[in-house]
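Peer 1: Sending over final-v5.txt (compact mmCIF, C-alpha atoms and all ligand atoms).
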# COMPACT_ATOMS: atom_id res chain seq x y z
CA MET C 726 25.84 6.84 -8.51
CA PHE C 727 25.76 3.54 -6.62
CA LEU C 728 22.31 4.52 -5.33
CA PHE C 729 20.96 4.74 -8.89
CA ILE C 730 22.56 1.40 -9.75
CA SER C 731 20.94 -0.14 -6.65
CA GLN C 732 17.55 1.29 -7.57
CA ALA C 733 17.88 0.03 -11.14
CA LEU C 734 18.93 -3.44 -9.97
CA HIS C 735 16.08 -3.52 -7.43
CA VAL C 736 13.55 -2.78 -10.18
CA LEU C 737 15.29 -5.13 -12.65
CA ALA C 738 15.14 -7.93 -10.08
CA ALA C 739 11.42 -7.25 -9.57
CA LEU C 740 10.92 -7.61 -13.35
CA GLY C 741 12.82 -10.91 -13.19
CA VAL C 742 10.58 -12.18 -10.37
CA PHE C 743 7.42 -11.46 -12.37
CA ALA C 744 8.80 -12.86 -15.61
CA ALA C 745 9.66 -16.05 -13.73
CA ILE C 746 6.26 -16.30 -11.99
CA GLY C 747 4.60 -15.79 -15.39
CA ALA C 748 6.65 -18.61 -16.90
CA VAL C 749 6.01 -20.95 -13.95
CA CYS C 750 2.26 -20.24 -14.09
CA LEU C 751 1.73 -20.30 -17.85
CA GLY C 752 4.90 -21.96 -19.21
CA GLY C 753 4.98 -25.25 -21.05
CA SER C 754 7.74 -27.81 -20.70
CA GLU C 755 9.40 -28.98 -17.51
CA SER C 756 12.80 -27.60 -18.62
CA HIS C 757 11.29 -24.14 -19.14
CA ARG C 758 9.78 -24.31 -15.69
CA LYS C 759 13.17 -25.27 -14.26
CA SER C 760 14.84 -22.26 -15.92
CA ALA C 761 12.02 -20.08 -14.59
CA SER C 762 12.60 -21.42 -11.06
CA ILE C 763 16.29 -20.48 -11.28
CA LEU C 764 15.39 -16.98 -12.53
CA HIS C 765 12.84 -16.70 -9.71
CA GLY C 766 15.37 -17.63 -7.01
CA ILE C 767 18.16 -15.37 -8.26
CA SER C 768 15.81 -12.42 -8.85
CA LEU C 769 14.26 -12.77 -5.39
CA LEU C 770 17.68 -12.72 -3.77
CA VAL C 771 18.84 -9.67 -5.76
CA LEU C 772 15.50 -7.91 -5.04
CA LEU C 773 15.90 -8.42 -1.29
CA LEU C 774 19.62 -7.56 -1.14
CA PHE C 775 19.27 -4.29 -3.06
CA GLY C 776 16.02 -3.49 -1.25
CA LEU C 777 17.81 -3.78 2.09
CA HIS C 778 20.74 -1.80 0.70
CA LEU C 779 18.39 1.02 -0.40
CA LEU C 780 16.71 0.90 3.01
CA PHE C 781 19.81 1.12 5.18
CA SER C 782 22.05 3.24 2.95
CA GLN C 783 19.43 6.02 2.99
CA GLN C 784 18.43 5.58 6.66
CA LEU C 785 14.86 4.75 5.58
CA ALA C 786 14.38 1.96 8.14
CA GLY C 787 12.98 4.38 10.74
CA THR C 788 10.52 6.02 8.34
CA GLY C 789 7.63 3.65 9.05
CA GLY C 790 6.10 0.22 8.58
CA TRP C 791 5.79 0.30 4.78
CA TRP C 792 8.93 -1.74 4.27
CA HIS C 793 7.77 -4.46 6.70
CA VAL C 794 4.77 -4.93 4.41
CA LYS C 795 7.16 -5.09 1.43
CA ILE C 796 9.06 -7.92 3.09
CA LEU C 797 5.77 -9.79 3.64
CA LEU C 798 4.87 -9.28 -0.03
CA TRP C 799 8.35 -10.52 -0.98
CA LEU C 800 7.67 -13.70 1.03
CA VAL C 801 4.33 -14.20 -0.76
CA LEU C 802 6.02 -13.77 -4.16
CA GLY C 803 8.63 -16.27 -2.97
CA VAL C 804 6.09 -19.05 -2.36
CA ALA C 805 4.05 -18.34 -5.51
CA PRO C 806 5.75 -21.08 -7.61
CA VAL C 807 4.93 -23.66 -4.89
CA VAL C 808 1.29 -22.52 -4.96
CA ALA C 809 1.35 -22.79 -8.78
CA ARG C 810 2.75 -26.34 -8.70
CA ARG C 811 0.18 -27.50 -6.14
CA LYS C 812 -2.59 -26.12 -8.40
CA VAL C 813 -4.34 -24.48 -5.44
CA MET C 814 -5.97 -21.97 -7.81
CA PRO C 815 -6.13 -21.34 -11.58
CA PRO C 816 -2.69 -20.19 -12.85
CA GLY C 817 -4.10 -17.01 -14.41
CA ALA C 818 -5.68 -16.02 -11.09
CA LEU C 819 -2.42 -16.64 -9.23
CA LEU C 820 -0.50 -14.55 -11.76
CA GLY C 821 -3.06 -11.74 -11.46
CA ILE C 822 -2.80 -11.75 -7.67
CA CYS C 823 1.02 -11.66 -7.84
CA LEU C 824 0.95 -8.73 -10.26
CA ALA C 825 -1.46 -6.84 -8.02
CA LEU C 826 0.78 -7.48 -4.99
CA GLY C 827 3.77 -6.29 -7.05
CA GLY C 828 1.87 -3.08 -7.78
CA VAL C 829 1.27 -2.61 -4.05
CA ALA C 830 5.00 -3.22 -3.34
CA ALA C 831 6.01 -0.66 -5.98
CA PHE C 832 3.54 1.89 -4.56
CA LEU C 833 4.88 1.34 -1.03
CA GLY C 834 8.46 1.88 -2.23
CA LEU C 835 7.60 5.06 -4.10
CA ALA C 836 5.09 6.67 -1.68
CA LYS C 837 6.29 5.26 1.69
CA PRO C 838 2.77 6.08 2.95
CA PHE C 839 3.06 4.88 6.57
C1 LIG V 901 7.90 -7.47 -3.20
C2 LIG V 901 8.49 -7.11 -4.31
C3 LIG V 901 9.05 -5.72 -4.51
C4 LIG V 901 8.79 -4.91 -5.57
C5 LIG V 901 7.92 -5.22 -6.78
C6 LIG V 901 9.49 -3.66 -5.32
C7 LIG V 901 9.49 -2.59 -6.17
C8 LIG V 901 9.97 -1.34 -5.86
C9 LIG V 901 9.86 -0.17 -6.69
C10 LIG V 901 9.23 -0.14 -8.09
C11 LIG V 901 10.43 0.86 -6.03
C12 LIG V 901 10.53 2.31 -6.50
C13 LIG V 901 11.79 2.50 -7.29
C14 LIG V 901 12.89 3.02 -6.44
O1 LIG V 901 12.72 4.05 -5.75
O2 LIG V 901 13.99 2.42 -6.47
C15 LIG V 901 10.91 0.36 -4.77
C16 LIG V 901 11.54 1.11 -3.81
C17 LIG V 901 12.07 0.60 -2.64
N1 LIG V 901 12.07 -0.71 -2.24
FE1 LIG V 901 11.18 -2.25 -3.20
N2 LIG V 901 10.17 -3.76 -4.12
C18 LIG V 901 9.92 -5.01 -3.59
C19 LIG V 901 10.43 -5.51 -2.41
C20 LIG V 901 11.26 -4.84 -1.55
C21 LIG V 901 11.88 -5.40 -0.38
C22 LIG V 901 11.75 -6.86 0.09
C23 LIG V 901 12.59 -4.41 0.22
C24 LIG V 901 13.41 -4.54 1.48
C25 LIG V 901 13.11 -3.90 2.53
C26 LIG V 901 12.41 -3.20 -0.57
C27 LIG V 901 12.93 -1.95 -0.29
C28 LIG V 901 12.73 -0.81 -1.03
C29 LIG V 901 13.18 0.52 -0.64
C30 LIG V 901 13.95 0.87 0.62
C31 LIG V 901 12.75 1.40 -1.63
C32 LIG V 901 12.92 2.92 -1.65
C33 LIG V 901 14.10 3.30 -2.48
C34 LIG V 901 14.31 4.79 -2.52
O3 LIG V 901 13.41 5.57 -2.15
O4 LIG V 901 15.40 5.18 -2.94
N3 LIG V 901 11.60 -3.51 -1.66
N4 LIG V 901 10.63 -0.99 -4.69
Rewrite the structure of this file - the entire thing - as structure tokens.
Peer 2:
Amino acid sequence: MFLFISQALHVLAALGVFAAIGAVCLGGSESHRKSASILHGISLLVLLLFGLHLLFSQQLAGTGGWWHVKILLWLVLGVAPVVARRKVMPPGALLGICLALGGVAAFLGLAKPF
């Protein structure tokens, strides 16, 4: 039962991360961006904690390198708001890249291909 709750919270936290990145990239006022930053931070933490819980509670850590890549993707999603604020690239492009990386992370979690 706790496994299902962990999986649901892991996915819910991922949704929170992308909602927050969307708001930081495309959102309007400074106060909205601040709320989005809080959502981003909390969601990232929950995503990592339940990800690690899923990994170790099911002895998946020895199954390959897929989860190392997921941690790298998590780091990239973590710095996305900084990239957005520095206007390194158009916000729509940044959001698209983040969504694509999220798709890769979801695939890695489901397929555990390597
Ligand atoms: C980068 C953002 C991430 C996204 C979008 C993401 C998304 C997902 C999704 C959609 C699943 C499949 C649903 C499930 O089986 O629960 C999954 C599974 C998994 N994720 Fe993540 N994840 C991310 C980061 C992480 C991180 C940082 C870890 C920590 C190592 C992690 C560990 C896992 C594990 C172990 C599973 C397999 C769960 C199982 O088979 O029961 N994920 N992830």
Peer 1: Excluding C:Ala825 and any residue of its chain fewer than 6 positions from it, enumerate the residues within 12 Å of it, using only C-alpha atoms, and give them as a count of residues only.
Peer 2: 8
Peer 1: Would you list the residues that come within 6 Å of ligand LIG 901 (chain V)? Count only C-alpha atoms and all ligand atoms and give the answer as a PyMOL selection string.
Peer 2: chain C and resi 732+736+739+773+776-777+779-780+792+795-796+798-799+827+830-831+834-835
Peer 1: Using only C-alpha atoms, please write the residues we just selected to a file, as a short mmCIF file (atom, residue, chain, number, x, y, z; two decimals), in the frame of the given file.
Peer 2:
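Result written to selection22.cif:
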data_model
loop_
_atom_site.label_atom_id
_atom_site.label_comp_id
_atom_site.auth_asym_id
_atom_site.auth_seq_id
_atom_site.Cartn_x
_atom_site.Cartn_y
_atom_site.Cartn_z
CA GLN C 732 17.55 1.29 -7.57
CA VAL C 736 13.55 -2.78 -10.18
CA ALA C 739 11.42 -7.25 -9.57
CA LEU C 773 15.90 -8.42 -1.29
CA GLY C 776 16.02 -3.49 -1.25
CA LEU C 777 17.81 -3.78 2.09
CA LEU C 779 18.39 1.02 -0.40
CA LEU C 780 16.71 0.90 3.01
CA TRP C 792 8.93 -1.74 4.27
CA LYS C 795 7.16 -5.09 1.43
CA ILE C 796 9.06 -7.92 3.09
CA LEU C 798 4.87 -9.28 -0.03
CA TRP C 799 8.35 -10.52 -0.98
CA GLY C 827 3.77 -6.29 -7.05
CA ALA C 830 5.00 -3.22 -3.34
CA ALA C 831 6.01 -0.66 -5.98
CA GLY C 834 8.46 1.88 -2.23
CA LEU C 835 7.60 5.06 -4.10
#
Peer 1: What does the distance between atom CA of C:Ala748 and atom CA of C:Ala761 come to in Å, to one decimal place?
Peer 2: 6.0 Å
Peer 1: Out of C:Val749, C:Leu772, C:Ile767, C:Leu826, which residue has the shortest atom-to-atom distance to C:Ala809 when counting only C-alpha atoms?
Peer 2: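 Among the listed residues, the smallest separation from C:Ala809 belongs to C:Val749.
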Peer 1: For C:Gly787, which residue out of C:Leu770, C:Ser731, C:Phe839, C:Gly752 is the nearest one, using all atoms listed in the file?
Peer 2: C:Phe839
Peer 1: Tell me, as a ChimeraX atom specification, which residues lie within 10 Å of C:Gly790, counting all atoms listed in the file; anything in the same chain fewer than 6 positions away does not count.
Peer 2: /C:833,837-839
Peer 1: Tell me, in Å to one decimal, how far atom CA of C:Ile746 is from atom CA of C:Pro806.
Peer 2: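 About the pair atom CA of C:Ile746 and atom CA of C:Pro806: they are 6.5 Å apart.
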Peer 1: Using all atoms listed in the file, can you tell me which of C:Leu751, C:Val794, C:Leu764, C:Ala738 comes closest to C:Gly817?
Peer 2: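 Using all atoms listed in the file, C:Gly817 sits closest to C:Leu751.
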Peer 1: Using all atoms of stretch 794-801 of chain C listed in the file and a margin of 5 Å per side, can you give the axis-aligned box centre and edge lengths in Å to one decimal, as AutoDock Vina command-line options?
Peer 2:
--center_x 6.7 --center_y -9.6 --center_z 1.7 --size_x 14.7 --size_y 19.3 --size_z 15.4
Peer 1: With only C-alpha atoms as the basis for distance, which of C:Leu769, C:Ala744, C:Ala786, C:Met726 is at the shortest distance from C:Leu820?
Peer 2: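 Nearest to C:Leu820: C:Ala744.
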